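Asks: The structure under discussion is supplied below as structure tokens; questions concerning it will follow.
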Amino acid sequence: MILDFLNESQREAVLKTDGPVMILAGAGSGKTRTLVARIQYLLEEKNISPFQILAVTFSNKAAREMRERLAANTQINVGALQVTTFHAFCAKVLRMESSYLGLSRNFTIYDDGESQSIIKALLAKRGINQKELSPYTVAAFIDGLKNLGFYLGLPKNEDVEKFAEDKRLFDIFMEYEAELHRSNAVDFGGLITGVLNLFRNFPEVLRKYQDKYKYVLVDEYQDTNRAQFNLVEQLSHHHRNICVVGDEDQSIYSWRGADIRNILDFEEVFPESNLVKLEQNYRSSKRIIEAASEVISRNLARKGKNMWTDNDEGDEIRIIECRDDKAEADYVGQSIRKLAQAGVSLKDIAVFYRNNAHSRTIEDALRREKFPYRVVAGIKFYDRKEVKDMISYMRVVVNKKDSLALTRIINTPARGVGATSLRKLEDEAVRLQLSLFELIEKMVEGPSEFKHLSLSGKVQSSLSQLVQLIQEVQALEAQKQPPSISYEKLLNESGYYEFLKADKSYEGAARLENLEELMSAIKQYEESDMDPALVKFLENITLDTTSTEDGPQDQVSLMTVHGSKGLEYPYVFLIGVEENIFPSYKSLEVGPTAIEEERRLFYVAMTRAMKQLTITFAQGRMLWGSLKFNGPSQFLQEIPSQYYTWESYQTSSRKEGFSSSRYSYDEFDQSPSHSEDVYYQDKVYQQKKPAVTLGNYPSGSKIIHALYGEGLVLASEGMGQDEKVTIQFRDGIKKKFMVKFAPLQKV
DNA sequence: GTTGCGCAGATTTTT
DNA sequence: TCTGCGCAAC
């Protein structure tokens, strides 16, 4: 029954339950289906208890999908299964065993931004100029060390030795670790290395987990770093039932520490392992699969798979040479219109780009064509200032050693505790070896002992109010009151609500709305957890940033190529396929291995498409303030010509500066293997100027603003609820508004 | 504390 | 060209 819907290799992947197995699963080969079947098989046929299975994925999205599919397919209590992300799993272990490492179980998890704040402070303390050594460089160094599985106390191996050559950086790393520890905080990388540290120093703890998990599964194995590999290797060391699933051709996160050696060396680490390849693709047309396979075959760092499909031949891939970025956007907009007219639903269409900056022109075009769209990624909800502020309040409640969170809110809203007072407090806290909050608590209890700080009466009374509020909320927590109660109290009594309410601008209103959204997120969380607590809520939101908003269903999807991994769409547009963009100029500087990663990225993009793939590039593109002529990407040459048609698209009648055959055939295709049969079609489309109907306030419209009077809309972006306009008023003042909050009227 | 200017930098971003 | 920031002045 479980095996019925599987092909032969998938079946093999399910049935080889014992001993190490590596499954190389090509794009669209039914990887998730196979993984789910494997777990189901373990549960139902082998009667393994769900408590003995650990399945780790990289993203929350993947974990959620797997859980949902399992819930739909089996009777067994899926809640007992550990299907989580690496980070969530490690956070859980660390909380459970926190006492071993001298953490307390309510430790805070710092995201990248917070880590960088710590680093900035450290650099400042050492008097290091940020230009001399950027916080980013330091963060990358620290992250790099952790990705290798290194933590203080561990003897350095070769990799680490090479990486940690720089004495100064290493010193900062040590200080950073100490600072985190003082704050009772752990960063993302530290979650993994923390568990490694725990396992190494307390073998009995390791043993416990090794015994517990009889079967360990790893999804998206190509994206794991060394630390994560060490982790699963140790966990499965006893039972040796480790199953990893991945695709070396889709490894696109090496810059995040993903180590392709994890795939290439798996069989050396586990000599008794089995290798299963899933090579049949169920997603894309023959042309797409064959073309993509040709491209990826040029990579050297791969084990090699032969993808094939039973699907139809399908349409030819379209390569569209556009005059400039504007024409490219026009082309995409019009093509989508044609698709829509032909009855294609918008949710089946996606536009991919190499970097976020390129979404702009496409967004404009789609708005012009009045097509709803969603930009995947963008600014994250939990990154917004007001949301972070309120989260910081909650953090201080939960973890009073979290001084970073306290500095964030100690004067937000303004309480008269400025930089000078804060500095005094910080120095004193360091001197007494207390956290900032602990110090202030002490000070409120016995102000006389802190006279030497000479803080004003105003500062002192503000602080005592703040301390009182936090303590009261801590008491609520101790009584197991729901987090939403605590949140509400913090929001109201901190003065934050008043503070935003007083801000009459559209931004203030938007902020309040975000805080309401945060409230509903908390409420939602409360309903999902049997035993809700602030700590857990806070952990959820730092480890899972997937936004829950789902908006209208039928819309075009826009995203970066990275963001497209794991998704599929019948109609795909891949734009900006130019040298220096895709592959990026950076990868061209770095060299062959970086270009191989770009090629994998290109491969990922191609294999998202099910029916139709359209690749566009611009002859000239506005980039960094000037018009750049990058020329078509080298990857286009790597697609054998029998798979594509090549068309040229020109928007305006102006031709000066561009020759439509700027890249003559000879110049362009120099690859010896298939240069003879490239054909070049120079179709020039007659382009009607699209009707300029933008959002409610298209650029050019005249408006009246209740406060500022008459004005002219210069630019408009976003649509519906998100529509934003830039307006120039009579005195030349430009202002940006969100339409939904601004008191605007058309003239 | 807020505003405003000048300057550098400008891939990707699962956690 | 656009943005984000660090720092100086109100």
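Chain identifiers are assigned as A, B, and so on, following the order in which chains appear in the structure tokens; residues are numbered from 1 within each chain, and ligands are numbered from 1 in order of appearance.
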So that I can check the surroundings of stretch 296-303 of chain A, please list as JSON, numbers by chain every protein, DNA and RNA residue that reaches within 7 Å of it, counting only C-alpha atoms (C1' of nucleotides) and ignoring chain neighbours fewer than 4 positions away.

Replies: {"A": [248, 249, 264, 292, 596, 599, 600, 603]}

Asks: Define the interface residues of chain C facing chain A as those within 12 Å, counting only C-alpha atoms (C1' of nucleotides), and report them as a count of residues only.

Replies: 5

Asks: Neighbours of B:DT12 within 12 Å (only C-alpha atoms (C1' of nucleotides); same-chain residues fewer than 6 positions away dropped), as a list in words?

Replies: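 In the requested format, the answer is Ile252, Tyr253, Ser254, Trp255, Arg256, Tyr353, Arg354, Asn355, Asn356, Ala357, Met559, Thr560, Val561, His562, Gly563, Ser564, Ile581, Phe582, Pro583, Ser584, Lys586, Ser587, Glu597, Glu598 and Leu601 of chain A.
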
Asks: Work out how far apart atom CA of A:Gly113 and atom CA of A:Leu404 are and give it in Å to one decimal.

Replies: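 These two atoms are separated by 11.3 Å.
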
Asks: Tell me as an MDAnalysis selection string which residues belonging to chain B come within 9 Å of chain A, counting only C-alpha atoms (C1' of nucleotides).

Replies: chainID B and resid 1 10:15

Asks: So that I can check the secondary structure, give me every residue of stretch 366-589 of chain A assigned strand (DSSP E) by backbone DSSP, as a list in words.

Replies: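 After running DSSP on the backbone, stretch 366-589 of chain A has strand (DSSP E) at Tyr373, Arg374, Val375, Val556, Ser557, Leu558, Met559, Thr560, Tyr569, Pro570, Tyr571, Val572, Phe573 and Leu574 of chain A.
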
Asks: Looking only at the backbone, which of the residues in stretch 189-323 of chain A does DSSP tag as alpha helix (DSSP H), as a ChimeraX atom specification?

Replies: /A:189-201,203-212,226-235,261-264,266-269,286-296

Asks: As an exercise, work out the distance from atom CA of A:Glu507 to atom CA of A:Thr412 in Å and give it to one decimal place.

Replies: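 We find that atom CA of A:Glu507 and atom CA of A:Thr412 lie 16.6 Å from each other.
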
Asks: For the atom pair atom CA of A:Ile470 and atom CA of A:Leu490, what is the interatomic distance in Å to one decimal place?

Replies: 7.8 Å

Asks: In terms of the shortest atom-to-atom distance over only C-alpha atoms (C1' of nucleotides), which of A:Lys131, A:Gln471, A:Gln10, A:Ala25 is closest to B:DG9?

Replies: A:Lys131
